[in-house]
>>> print(open('work-v9.pdb').read())   # PDB, C-alpha atoms and all ligand atoms
ATOM      1  CA  MET A 169     113.878  96.881 112.852
ATOM      2  CA  SER A 170     116.423  99.637 112.973
ATOM      3  CA  ALA A 171     116.147 101.812 116.023
ATOM      4  CA  ALA A 172     116.874 105.436 116.636
ATOM      5  CA  ASN A 173     117.687 106.644 120.151
ATOM      6  CA  ALA A 174     118.850 103.166 121.152
ATOM      7  CA  THR A 175     121.358 103.057 123.961
ATOM      8  CA  ALA A 176     123.103  99.934 125.175
ATOM      9  CA  GLY A 177     120.930  97.893 127.508
ATOM     10  CA  SER A 178     117.758  99.969 127.153
ATOM     11  CA  PRO A 179     114.926  99.348 124.727
ATOM     12  CA  PRO A 180     114.712 101.672 121.713
ATOM     13  CA  LEU A 181     112.481 104.712 122.216
ATOM     14  CA  THR A 182     111.488 104.875 118.604
ATOM     15  CA  VAL A 183     111.495 102.488 115.698
ATOM     16  CA  ASP A 184     111.874 103.822 112.187
ATOM     17  CA  ALA A 185     109.039 102.809 109.899
ATOM     18  CA  LEU A 186     110.874 104.330 106.962
ATOM     19  CA  ARG A 187     114.417 105.532 106.464
ATOM     20  CA  CYS A 188     116.314 106.993 103.530
ATOM     21  CA  GLU A 189     119.959 107.855 103.065
ATOM     22  CA  GLY A 190     121.877 109.774 100.422
ATOM     23  CA  LEU A 191     118.941 110.183  98.028
ATOM     24  CA  THR A 192     119.714 112.075  94.848
ATOM     25  CA  LYS A 193     117.683 112.888  91.770
ATOM     26  CA  ALA A 194     118.588 115.267  88.952
ATOM     27  CA  PHE A 195     116.380 116.591  86.160
ATOM     28  CA  GLN A 196     118.315 117.672  83.068
ATOM     29  CA  GLY A 197     121.449 117.839  85.177
ATOM     30  CA  VAL A 198     119.893 119.971  87.918
ATOM     31  CA  HIS A 199     119.708 118.304  91.327
ATOM     32  CA  ALA A 200     116.176 118.378  92.740
ATOM     33  CA  VAL A 201     117.247 116.013  95.534
ATOM     34  CA  ASN A 202     120.852 116.127  96.648
ATOM     35  CA  GLY A 203     121.675 113.761  99.507
ATOM     36  CA  ALA A 204     118.403 113.788 101.480
ATOM     37  CA  ALA A 205     118.576 111.482 104.517
ATOM     38  CA  PHE A 206     116.052 111.125 107.334
ATOM     39  CA  GLU A 207     113.947 108.739 109.402
ATOM     40  CA  VAL A 208     110.198 108.504 109.774
ATOM     41  CA  PRO A 209     109.432 107.159 113.274
ATOM     42  CA  GLU A 210     106.790 104.447 113.525
ATOM     43  CA  GLY A 211     103.389 105.412 114.897
ATOM     44  CA  LYS A 212     104.118 109.135 114.678
ATOM     45  CA  ILE A 213     103.224 112.013 112.370
ATOM     46  CA  THR A 214     106.270 113.442 110.615
ATOM     47  CA  ALA A 215     106.179 116.699 108.655
ATOM     48  CA  LEU A 216     108.377 117.246 105.621
ATOM     49  CA  ILE A 217     108.777 121.010 105.284
ATOM     50  CA  GLY A 218     110.950 123.372 103.269
ATOM     51  CA  PRO A 219     110.816 126.146 100.688
ATOM     52  CA  ASN A 220     109.141 125.765  97.296
ATOM     53  CA  GLY A 221     111.326 123.688  95.009
ATOM     54  CA  ALA A 222     113.250 122.105  97.935
ATOM     55  CA  GLY A 223     112.584 118.630  96.520
ATOM     56  CA  LYS A 224     109.839 117.492  98.919
ATOM     57  CA  THR A 225     107.471 116.068  96.311
ATOM     58  CA  THR A 226     110.371 114.445  94.470
ATOM     59  CA  VAL A 227     111.431 112.724  97.712
ATOM     60  CA  VAL A 228     107.877 111.433  98.243
ATOM     61  CA  ASN A 229     107.808 110.256  94.633
ATOM     62  CA  ILE A 230     111.017 108.310  95.232
ATOM     63  CA  LEU A 231     109.935 106.855  98.598
ATOM     64  CA  SER A 232     106.635 105.624  97.157
ATOM     65  CA  GLY A 233     108.150 104.184  93.983
ATOM     66  CA  ALA A 234     106.517 106.683  91.617
ATOM     67  CA  MET A 235     109.992 107.767  90.505
ATOM     68  CA  SER A 236     113.408 106.119  90.713
ATOM     69  CA  SER A 237     116.319 107.805  92.490
ATOM     70  CA  ASP A 238     119.736 108.323  90.876
ATOM     71  CA  SER A 239     121.437 107.122  94.057
ATOM     72  CA  GLY A 240     120.734 106.512  97.726
ATOM     73  CA  ARG A 241     118.810 103.875  99.632
ATOM     74  CA  VAL A 242     115.320 103.519 101.102
ATOM     75  CA  PHE A 243     114.332 101.098 103.875
ATOM     76  CA  LEU A 244     110.828 100.198 104.975
ATOM     77  CA  GLY A 245     111.422  98.709 108.412
ATOM     78  CA  ASP A 246     114.219  96.224 107.801
ATOM     79  CA  THR A 247     113.438  95.745 104.114
ATOM     80  CA  GLU A 248     115.383  97.679 101.523
ATOM     81  CA  ILE A 249     112.884  98.955  98.944
ATOM     82  CA  THR A 250     115.211 101.190  96.897
ATOM     83  CA  ASN A 251     113.709 101.739  93.449
ATOM     84  CA  TRP A 252     111.019  99.065  93.891
ATOM     85  CA  PRO A 253     107.959  99.689  91.698
ATOM     86  CA  ALA A 254     105.051 101.486  93.390
ATOM     87  CA  TYR A 255     102.686  98.486  93.353
ATOM     88  CA  LYS A 256     105.214  96.356  95.219
ATOM     89  CA  ILE A 257     105.828  99.094  97.795
ATOM     90  CA  ALA A 258     102.045  99.515  98.210
ATOM     91  CA  ARG A 259     101.765  95.793  98.962
ATOM     92  CA  GLN A 260     104.207  96.337 101.835
ATOM     93  CA  GLY A 261     101.756  98.877 103.262
ATOM     94  CA  LEU A 262     103.293 102.165 102.075
ATOM     95  CA  LEU A 263     100.703 104.303 100.309
ATOM     96  CA  ARG A 264     100.704 107.910  99.215
ATOM     97  CA  THR A 265      98.073 110.346  98.082
ATOM     98  CA  PHE A 266      98.045 111.726  94.583
ATOM     99  CA  GLN A 267      96.246 114.758  93.354
ATOM    100  CA  LEU A 268      93.100 113.614  91.641
ATOM    101  CA  SER A 269      94.058 112.627  88.106
ATOM    102  CA  ARG A 270      91.954 113.427  85.067
ATOM    103  CA  GLU A 271      90.866 109.803  84.598
ATOM    104  CA  LEU A 272      89.791 109.397  88.207
ATOM    105  CA  GLY A 273      87.910 112.699  88.016
ATOM    106  CA  GLY A 274      85.517 111.050  85.588
ATOM    107  CA  LEU A 275      84.696 108.247  88.038
ATOM    108  CA  THR A 276      82.165 108.667  90.827
ATOM    109  CA  VAL A 277      83.347 109.120  94.393
ATOM    110  CA  LEU A 278      82.405 105.506  95.241
ATOM    111  CA  GLU A 279      84.117 104.168  92.113
ATOM    112  CA  ASN A 280      87.255 106.054  93.105
ATOM    113  CA  LEU A 281      87.410 104.158  96.382
ATOM    114  CA  LEU A 282      86.732 100.834  94.679
ATOM    115  CA  ALA A 283      89.593 101.558  92.254
ATOM    116  CA  ALA A 284      92.010 102.257  95.146
ATOM    117  CA  PRO A 285      95.252 100.325  94.866
ATOM    118  CA  ALA A 286      94.273  97.661  97.397
ATOM    119  CA  VAL A 287      95.208  94.075  96.759
ATOM    120  CA  GLN A 288      92.040  92.684  95.220
ATOM    121  CA  ALA A 289      91.316  89.004  94.670
ATOM    122  CA  GLY A 290      89.488  89.908  91.447
ATOM    123  CA  ASP A 291      92.713  91.207  89.939
ATOM    124  CA  SER A 292      93.931  87.641  89.526
ATOM    125  CA  LEU A 293      92.576  85.803  86.482
ATOM    126  CA  VAL A 294      93.018  82.518  88.341
ATOM    127  CA  ASN A 295      90.731  83.762  91.101
ATOM    128  CA  VAL A 296      88.154  85.117  88.652
ATOM    129  CA  LEU A 297      88.009  81.788  86.786
ATOM    130  CA  PHE A 298      88.320  79.298  89.603
ATOM    131  CA  ARG A 299      87.314  81.120  92.785
ATOM    132  CA  PRO A 300      84.379  83.329  91.754
ATOM    133  CA  GLY A 301      82.841  83.032  95.241
ATOM    134  CA  LEU A 302      85.967  84.548  96.791
ATOM    135  CA  VAL A 303      85.990  87.392  94.268
ATOM    136  CA  ARG A 304      82.297  88.165  94.851
ATOM    137  CA  ARG A 305      82.731  88.099  98.632
ATOM    138  CA  GLN A 306      85.715  90.408  98.443
ATOM    139  CA  GLU A 307      83.898  92.795  96.116
ATOM    140  CA  ARG A 308      81.014  92.961  98.594
ATOM    141  CA  GLU A 309      83.391  93.566 101.503
ATOM    142  CA  ASN A 310      85.225  96.274  99.530
ATOM    143  CA  ALA A 311      81.948  98.034  98.724
ATOM    144  CA  GLU A 312      80.930  97.929 102.406
ATOM    145  CA  ARG A 313      84.284  99.304 103.504
ATOM    146  CA  ALA A 314      84.177 102.011 100.823
ATOM    147  CA  LEU A 315      80.735 103.190 101.981
ATOM    148  CA  GLU A 316      81.894 103.187 105.616
ATOM    149  CA  LEU A 317      84.908 105.301 104.714
ATOM    150  CA  LEU A 318      82.737 107.704 102.726
ATOM    151  CA  GLU A 319      80.606 108.159 105.875
ATOM    152  CA  VAL A 320      83.714 108.854 107.959
ATOM    153  CA  TYR A 321      85.112 111.322 105.428
ATOM    154  CA  ARG A 322      81.760 113.117 104.975
ATOM    155  CA  LEU A 323      81.462 112.089 101.342
ATOM    156  CA  TYR A 324      78.650 109.540 101.605
ATOM    157  CA  ARG A 325      75.989 111.778 100.130
ATOM    158  CA  HIS A 326      78.344 112.533  97.232
ATOM    159  CA  ARG A 327      79.008 108.847  96.507
ATOM    160  CA  ASP A 328      77.452 109.002  93.034
ATOM    161  CA  THR A 329      78.931 112.405  92.147
ATOM    162  CA  ARG A 330      81.759 112.514  89.613
ATOM    163  CA  ALA A 331      84.965 113.245  91.522
ATOM    164  CA  ARG A 332      85.841 116.230  89.323
ATOM    165  CA  GLU A 333      82.638 117.942  90.436
ATOM    166  CA  LEU A 334      83.651 117.938  94.120
ATOM    167  CA  SER A 335      84.905 121.092  95.844
ATOM    168  CA  GLY A 336      88.653 121.466  96.422
ATOM    169  CA  GLY A 337      88.283 120.432 100.070
ATOM    170  CA  GLN A 338      86.149 117.407  99.213
ATOM    171  CA  LYS A 339      88.769 116.310  96.669
ATOM    172  CA  LYS A 340      91.385 116.429  99.439
ATOM    173  CA  LEU A 341      89.163 114.231 101.627
ATOM    174  CA  LEU A 342      88.664 111.822  98.711
ATOM    175  CA  GLU A 343      92.433 111.588  98.152
ATOM    176  CA  ILE A 344      92.919 110.571 101.787
ATOM    177  CA  ALA A 345      89.958 108.169 101.757
ATOM    178  CA  ARG A 346      91.334 106.442  98.625
ATOM    179  CA  ALA A 347      94.671 105.851 100.307
ATOM    180  CA  VAL A 348      93.034 104.678 103.557
ATOM    181  CA  MET A 349      90.894 102.225 101.539
ATOM    182  CA  ALA A 350      94.063 100.239 100.911
ATOM    183  CA  SER A 351      94.684  99.885 104.700
ATOM    184  CA  PRO A 352      98.145 101.487 104.760
ATOM    185  CA  LYS A 353     100.670 100.974 107.530
ATOM    186  CA  LEU A 354     102.487 104.080 106.368
ATOM    187  CA  LEU A 355     100.850 106.955 104.563
ATOM    188  CA  LEU A 356     102.643 109.755 102.693
ATOM    189  CA  LEU A 357     100.514 112.870 102.137
ATOM    190  CA  ASP A 358     101.592 115.622  99.748
ATOM    191  CA  GLU A 359     100.077 118.890 101.024
ATOM    192  CA  PRO A 360      96.804 117.360 102.259
ATOM    193  CA  MET A 361      95.508 120.790 103.285
ATOM    194  CA  ALA A 362      96.675 122.953 100.366
ATOM    195  CA  GLY A 363      94.023 125.383  99.175
ATOM    196  CA  VAL A 364      91.564 124.259 101.838
ATOM    197  CA  ASN A 365      89.599 126.665 104.087
ATOM    198  CA  PRO A 366      90.720 127.031 107.733
ATOM    199  CA  ALA A 367      87.786 125.057 109.160
ATOM    200  CA  LEU A 368      88.491 122.108 106.885
ATOM    201  CA  ILE A 369      92.220 122.305 107.692
ATOM    202  CA  GLU A 370      91.287 121.551 111.314
ATOM    203  CA  VAL A 371      89.011 118.700 110.207
ATOM    204  CA  ILE A 372      91.696 117.135 108.015
ATOM    205  CA  GLY A 373      94.157 117.536 110.910
ATOM    206  CA  GLU A 374      91.764 115.533 113.110
ATOM    207  CA  TYR A 375      91.490 112.800 110.462
ATOM    208  CA  ILE A 376      95.267 112.556 110.357
ATOM    209  CA  LEU A 377      95.404 112.322 114.159
ATOM    210  CA  ASP A 378      92.741 109.566 113.975
ATOM    211  CA  LEU A 379      94.925 107.670 111.521
ATOM    212  CA  LYS A 380      97.813 107.918 113.964
ATOM    213  CA  ARG A 381      95.579 106.686 116.801
ATOM    214  CA  SER A 382      94.624 103.693 114.677
ATOM    215  CA  GLY A 383      98.313 102.819 114.305
ATOM    216  CA  VAL A 384      99.128 104.330 110.911
ATOM    217  CA  THR A 385     102.501 106.074 110.554
ATOM    218  CA  VAL A 386     102.111 109.332 108.618
ATOM    219  CA  MET A 387     104.508 111.615 106.816
ATOM    220  CA  MET A 388     103.013 114.776 105.351
ATOM    221  CA  ILE A 389     104.422 117.565 103.242
ATOM    222  CA  GLU A 390     102.941 120.786 104.564
ATOM    223  CA  HIS A 391     103.597 124.518 104.277
ATOM    224  CA  ASN A 392     101.161 125.519 107.036
ATOM    225  CA  LEU A 393     103.459 125.547 110.051
ATOM    226  CA  GLY A 394     100.597 126.210 112.467
ATOM    227  CA  ILE A 395      99.036 122.842 111.691
ATOM    228  CA  VAL A 396     102.483 121.190 111.610
ATOM    229  CA  GLU A 397     103.113 122.437 115.143
ATOM    230  CA  LYS A 398      99.702 121.261 116.256
ATOM    231  CA  ILE A 399      99.635 117.690 114.933
ATOM    232  CA  CYS A 400     103.162 116.619 113.973
ATOM    233  CA  ASP A 401     105.538 114.881 116.396
ATOM    234  CA  HIS A 402     108.624 115.171 114.262
ATOM    235  CA  VAL A 403     109.742 117.560 111.525
ATOM    236  CA  VAL A 404     112.233 117.098 108.687
ATOM    237  CA  VAL A 405     113.425 120.287 106.969
ATOM    238  CA  LEU A 406     114.512 119.941 103.364
ATOM    239  CA  ALA A 407     116.367 122.755 101.556
ATOM    240  CA  GLU A 408     117.952 122.479  98.112
ATOM    241  CA  GLY A 409     117.439 118.724  98.146
ATOM    242  CA  ARG A 410     119.308 118.179 101.428
ATOM    243  CA  THR A 411     118.111 117.488 104.943
ATOM    244  CA  LEU A 412     118.845 120.730 106.744
ATOM    245  CA  ALA A 413     117.598 119.651 110.174
ATOM    246  CA  THR A 414     115.242 117.300 111.980
ATOM    247  CA  GLY A 415     113.511 117.606 115.352
ATOM    248  CA  SER A 416     110.431 119.001 117.024
ATOM    249  CA  MET A 417     109.051 122.330 115.846
ATOM    250  CA  SER A 418     110.359 124.085 118.976
ATOM    251  CA  GLU A 419     113.835 122.611 118.450
ATOM    252  CA  LEU A 420     113.786 123.884 114.882
ATOM    253  CA  ARG A 421     112.744 127.385 115.932
ATOM    254  CA  SER A 422     115.965 127.655 117.939
ATOM    255  CA  ASN A 423     118.079 126.346 115.034
ATOM    256  CA  THR A 424     119.546 129.415 113.333
ATOM    257  CA  ALA A 425     120.303 127.583 110.078
ATOM    258  CA  VAL A 426     116.667 126.536 109.773
ATOM    259  CA  VAL A 427     115.352 129.959 110.699
ATOM    260  CA  SER A 428     117.513 131.704 108.135
ATOM    261  CA  ALA A 429     116.837 129.141 105.384
ATOM    262  CA  TYR A 430     113.140 128.743 105.842
ATOM    263  CA  LEU A 431     111.348 129.635 109.035
ATOM    264  CA  GLY A 432     112.632 133.215 109.030
ATOM    265  CA  GLU A 433     111.279 133.696 105.550
ATOM    266  CA  VAL A 434     107.890 132.383 106.627
ATOM    267  CA  ILE A 435     107.835 134.293 109.912
ATOM    268  CA  ASN A 436     108.915 137.502 108.179
ATOM    269  CA  ALA A 437     106.198 137.004 105.591
ATOM    270  CA  GLY A 438     103.797 137.094 108.519
ATOM    271  CA  ALA A 439     102.140 133.782 107.756
ATOM    272  CA  ALA A 440     102.759 130.349 106.339
ATOM    273  CA  HIS A 441     101.819 130.160 102.695
TER
HETATM  274  N1  LIG B 501     109.548 115.873  86.493
HETATM  275  C1  LIG B 501     110.369 116.926  86.614
HETATM  276  N2  LIG B 501     111.118 117.372  85.561
HETATM  277  C2  LIG B 501     111.954 118.397  85.693
HETATM  278  N3  LIG B 501     112.141 119.088  86.839
HETATM  279  C3  LIG B 501     111.432 118.705  87.915
HETATM  280  C4  LIG B 501     110.509 117.608  87.865
HETATM  281  N4  LIG B 501     109.948 117.446  89.106
HETATM  282  C5  LIG B 501     110.490 118.397  89.875
HETATM  283  N5  LIG B 501     111.376 119.148  89.179
HETATM  284  C6  LIG B 501     112.187 120.256  89.713
HETATM  285  O1  LIG B 501     112.826 119.764  90.886
HETATM  286  C7  LIG B 501     112.837 120.746  91.911
HETATM  287  C8  LIG B 501     112.162 120.217  93.137
HETATM  288  O2  LIG B 501     110.777 120.061  92.872
HETATM  289  P1  LIG B 501     109.727 119.480  93.901
HETATM  290  O3  LIG B 501     108.410 119.476  93.227
HETATM  291  O4  LIG B 501     110.219 118.179  94.430
HETATM  292  O5  LIG B 501     109.781 120.576  95.068
HETATM  293  P2  LIG B 501     108.812 120.778  96.318
HETATM  294  O6  LIG B 501     109.694 120.913  97.509
HETATM  295  O7  LIG B 501     107.769 119.737  96.352
HETATM  296  O8  LIG B 501     108.184 122.215  96.003
HETATM  297  P3  LIG B 501     106.724 122.810  96.346
HETATM  298  O9  LIG B 501     106.759 123.225  97.793
HETATM  299  O10 LIG B 501     106.619 123.997  95.452
HETATM  300  O11 LIG B 501     105.698 121.765  96.046
HETATM  301  C9  LIG B 501     112.176 121.980  91.325
HETATM  302  O12 LIG B 501     113.174 122.840  90.848
HETATM  303  C10 LIG B 501     111.339 121.425  90.195
HETATM  304  O13 LIG B 501     111.182 122.384  89.173
HETATM  305 MG    MG B 502     105.702 119.766  96.191
END
>>> encode(input="work-v9.pdb", output="structure tokens")
Amino acid sequence: MSAANATAGSPPLTVDALRCEGLTKAFQGVHAVNGAAFEVPEGKITALIGPNGAGKTTVVNILSGAMSSDSGRVFLGDTEITNWPAYKIARQGLLRTFQLSRELGGLTVLENLLAAPAVQAGDSLVNVLFRPGLVRRQERENAERALELLEVYRLYRHRDTRARELSGGQKKLLEIARAVMASPKLLLLDEPMAGVNPALIEVIGEYILDLKRSGVTVMMIEHNLGIVEKICDHVVVLAEGRTLATGSMSELRSNTAVVSAYLGEVINAGAAH
């Protein structure tokens, strides 16, 4: 494990669950990500913030294997996972939420959880043919776990509803529940509270804190700085594809570069968008 804050002779204060260096990605010659480098400390909640178009989603796409980078390196613990395919990264315990896709919208809420990208014994033809008992047992266990998670995420009574018929807030809860179904060690959330009412923002914040308490490392993209301040331990500021600063929210407030590039804009606007 690589360690930040390590000094000779004393144990490391934090261990990085995930680390990237020099990430770049250009679309039609325009750099969306341009040298991003940061650490995600294990067991903590890290916020990835920055103006619209800063490259936050592109970074999450690269870290989770949904998109390849042009250059740079990504490490999950001690393992280099640069440009690994998403399924292989997911098997190492790194999951991310996606906005509900059109296909998944047609499935029921319960089916969505059962289709989560967990490693399933039934996916292997060898298991289906020669170990049907194992496949049946795992299917039963998956169904039990899915129903438990739907209880936790207040979706149980909607289990047979088509996902596209859920409210915006319920869709956000379903996105998180789908990722949790796969028992992640590290979870990347892209704006888990976007477009959600203030009461549900608090509820989703509590769910994220619960995930941290259960040992999951979280990194979330979020524009709502109030909730970032409340639940996040560590903040990474991205601007024009580069890491502008990292630290606690109070450290960032006293960083003039960050205030002029991002926080000032938000503060002057009177509220986080
Ligand atoms: N698939 C793509 N093809 C072309 N350009 C893209 C693609 N994805 C992102 N971009 C561009 O890359 C830049 C960074 O986009 P990205 O979505 O990563 O920003 P973001 O920080 O997540 O913004 P927001 O806060 O608005 O979600 C933007 O200029 C965007 O238009
Ligand atoms: Mg984005």
>>> axis_aligned_box(input="work-v9.pdb", around="region 242-251 of chain A", padding_each_side="8 Å", output="AutoDock Vina command-line options")
--center_x 113.1 --center_y 99.6 --center_z 100.9 --size_x 20.6 --size_y 23.8 --size_z 31.0
>>> residues_around(input="work-v9.pdb", residues="Val320 (chain A)", least_positions_apart="5", cutoff="12 Å", atoms="only C-alpha atoms", output="PyMOL selection string")
chain A and resi 313-315+325+341-342+344-345+348-349+371-372+374-375+378-379
>>> residues_around(input="work-v9.pdb", residues="Leu275 (chain A)", least_positions_apart="2", cutoff="12 Å", atoms="all atoms listed in the file", output="number ranges by chain")
A: 268-273, 277-284, 326-334, 342
>>> atom_distance(input="work-v9.pdb", atom1="CA of Lys340 (chain A)", atom2="CA of Lys193 (chain A)")
27.6 Å
>>> closest_atom_pairs(input="work-v9.pdb", of="chain A", to="ligand LIG 501 (chain B)", cutoff="10 Å", atoms="all atoms listed in the file", output="JSON lines")
{"residue": "A:Lys193", "atom": "CA", "partner": "B:LIG501", "partner_atom": "O1", "distance": 8.5}
{"residue": "A:Ala194", "atom": "CA", "partner": "B:LIG501", "partner_atom": "O1", "distance": 7.6}
{"residue": "A:Phe195", "atom": "CA", "partner": "B:LIG501", "partner_atom": "C2", "distance": 4.8}
{"residue": "A:Gln196", "atom": "CA", "partner": "B:LIG501", "partner_atom": "C2", "distance": 6.9}
{"residue": "A:Gly197", "atom": "CA", "partner": "B:LIG501", "partner_atom": "C2", "distance": 9.5}
{"residue": "A:Val198", "atom": "CA", "partner": "B:LIG501", "partner_atom": "O1", "distance": 7.7}
{"residue": "A:His199", "atom": "CA", "partner": "B:LIG501", "partner_atom": "O1", "distance": 7.0}
{"residue": "A:Ala200", "atom": "CA", "partner": "B:LIG501", "partner_atom": "O1", "distance": 4.1}
{"residue": "A:Val201", "atom": "CA", "partner": "B:LIG501", "partner_atom": "C8", "distance": 7.0}
{"residue": "A:Leu216", "atom": "CA", "partner": "B:LIG501", "partner_atom": "O6", "distance": 9.0}
{"residue": "A:Ile217", "atom": "CA", "partner": "B:LIG501", "partner_atom": "O6", "distance": 7.8}
{"residue": "A:Gly218", "atom": "CA", "partner": "B:LIG501", "partner_atom": "O6", "distance": 6.4}
{"residue": "A:Pro219", "atom": "CA", "partner": "B:LIG501", "partner_atom": "O9", "distance": 5.8}
{"residue": "A:Asn220", "atom": "CA", "partner": "B:LIG501", "partner_atom": "O9", "distance": 3.5}
{"residue": "A:Gly221", "atom": "CA", "partner": "B:LIG501", "partner_atom": "O5", "distance": 3.5}
{"residue": "A:Ala222", "atom": "CA", "partner": "B:LIG501", "partner_atom": "O6", "distance": 3.8}
{"residue": "A:Gly223", "atom": "CA", "partner": "B:LIG501", "partner_atom": "O4", "distance": 3.2}
{"residue": "A:Lys224", "atom": "CA", "partner": "B:LIG501", "partner_atom": "O6", "distance": 3.7}
{"residue": "A:Thr225", "atom": "CA", "partner": "B:LIG501", "partner_atom": "O7", "distance": 3.7}
{"residue": "A:Thr226", "atom": "CA", "partner": "B:LIG501", "partner_atom": "O4", "distance": 3.7}
{"residue": "A:Val227", "atom": "CA", "partner": "B:LIG501", "partner_atom": "O4", "distance": 6.5}
{"residue": "A:Val228", "atom": "CA", "partner": "B:LIG501", "partner_atom": "O4", "distance": 8.1}
{"residue": "A:Asn229", "atom": "CA", "partner": "B:LIG501", "partner_atom": "O4", "distance": 8.3}
{"residue": "A:Ile230", "atom": "CA", "partner": "B:LIG501", "partner_atom": "O4", "distance": 9.9}
{"residue": "A:Met235", "atom": "CA", "partner": "B:LIG501", "partner_atom": "N1", "distance": 9.1}
{"residue": "A:Asp358", "atom": "CA", "partner": "B:LIG501", "partner_atom": "O7", "distance": 8.2}
{"residue": "A:Glu359", "atom": "CA", "partner": "B:LIG501", "partner_atom": "O11", "distance": 8.0}
{"residue": "A:Ile389", "atom": "CA", "partner": "B:LIG501", "partner_atom": "O7", "distance": 8.0}
{"residue": "A:Glu390", "atom": "CA", "partner": "B:LIG501", "partner_atom": "O9", "distance": 8.1}
{"residue": "A:His391", "atom": "CA", "partner": "B:LIG501", "partner_atom": "O9", "distance": 7.3}
{"residue": "A:Leu406", "atom": "CA", "partner": "B:LIG501", "partner_atom": "O6", "distance": 7.6}
{"residue": "A:Ala407", "atom": "CA", "partner": "B:LIG501", "partner_atom": "O6", "distance": 8.0}
{"residue": "A:Glu408", "atom": "CA", "partner": "B:LIG501", "partner_atom": "C8", "distance": 8.0}
{"residue": "A:Gly409", "atom": "CA", "partner": "B:LIG501", "partner_atom": "C8", "distance": 7.4}
{"residue": "A:His441", "atom": "CA", "partner": "B:LIG501", "partner_atom": "O9", "distance": 9.8}
>>> closest_residue(input="work-v9.pdb", among="A:Ala311, A:Ile395, A:Ser237, A:Ala362", to="ligand MG 502 (chain B)", atoms="only C-alpha atoms and all ligand atoms")
A:Ala362
>>> residues_around(input="work-v9.pdb", residues="Val396 (chain A)", least_positions_apart="4", cutoff="8 Å", atoms="only C-alpha atoms", output="list in words")
Ala215, Glu390, Asn392, Cys400 and Met417 of chain A
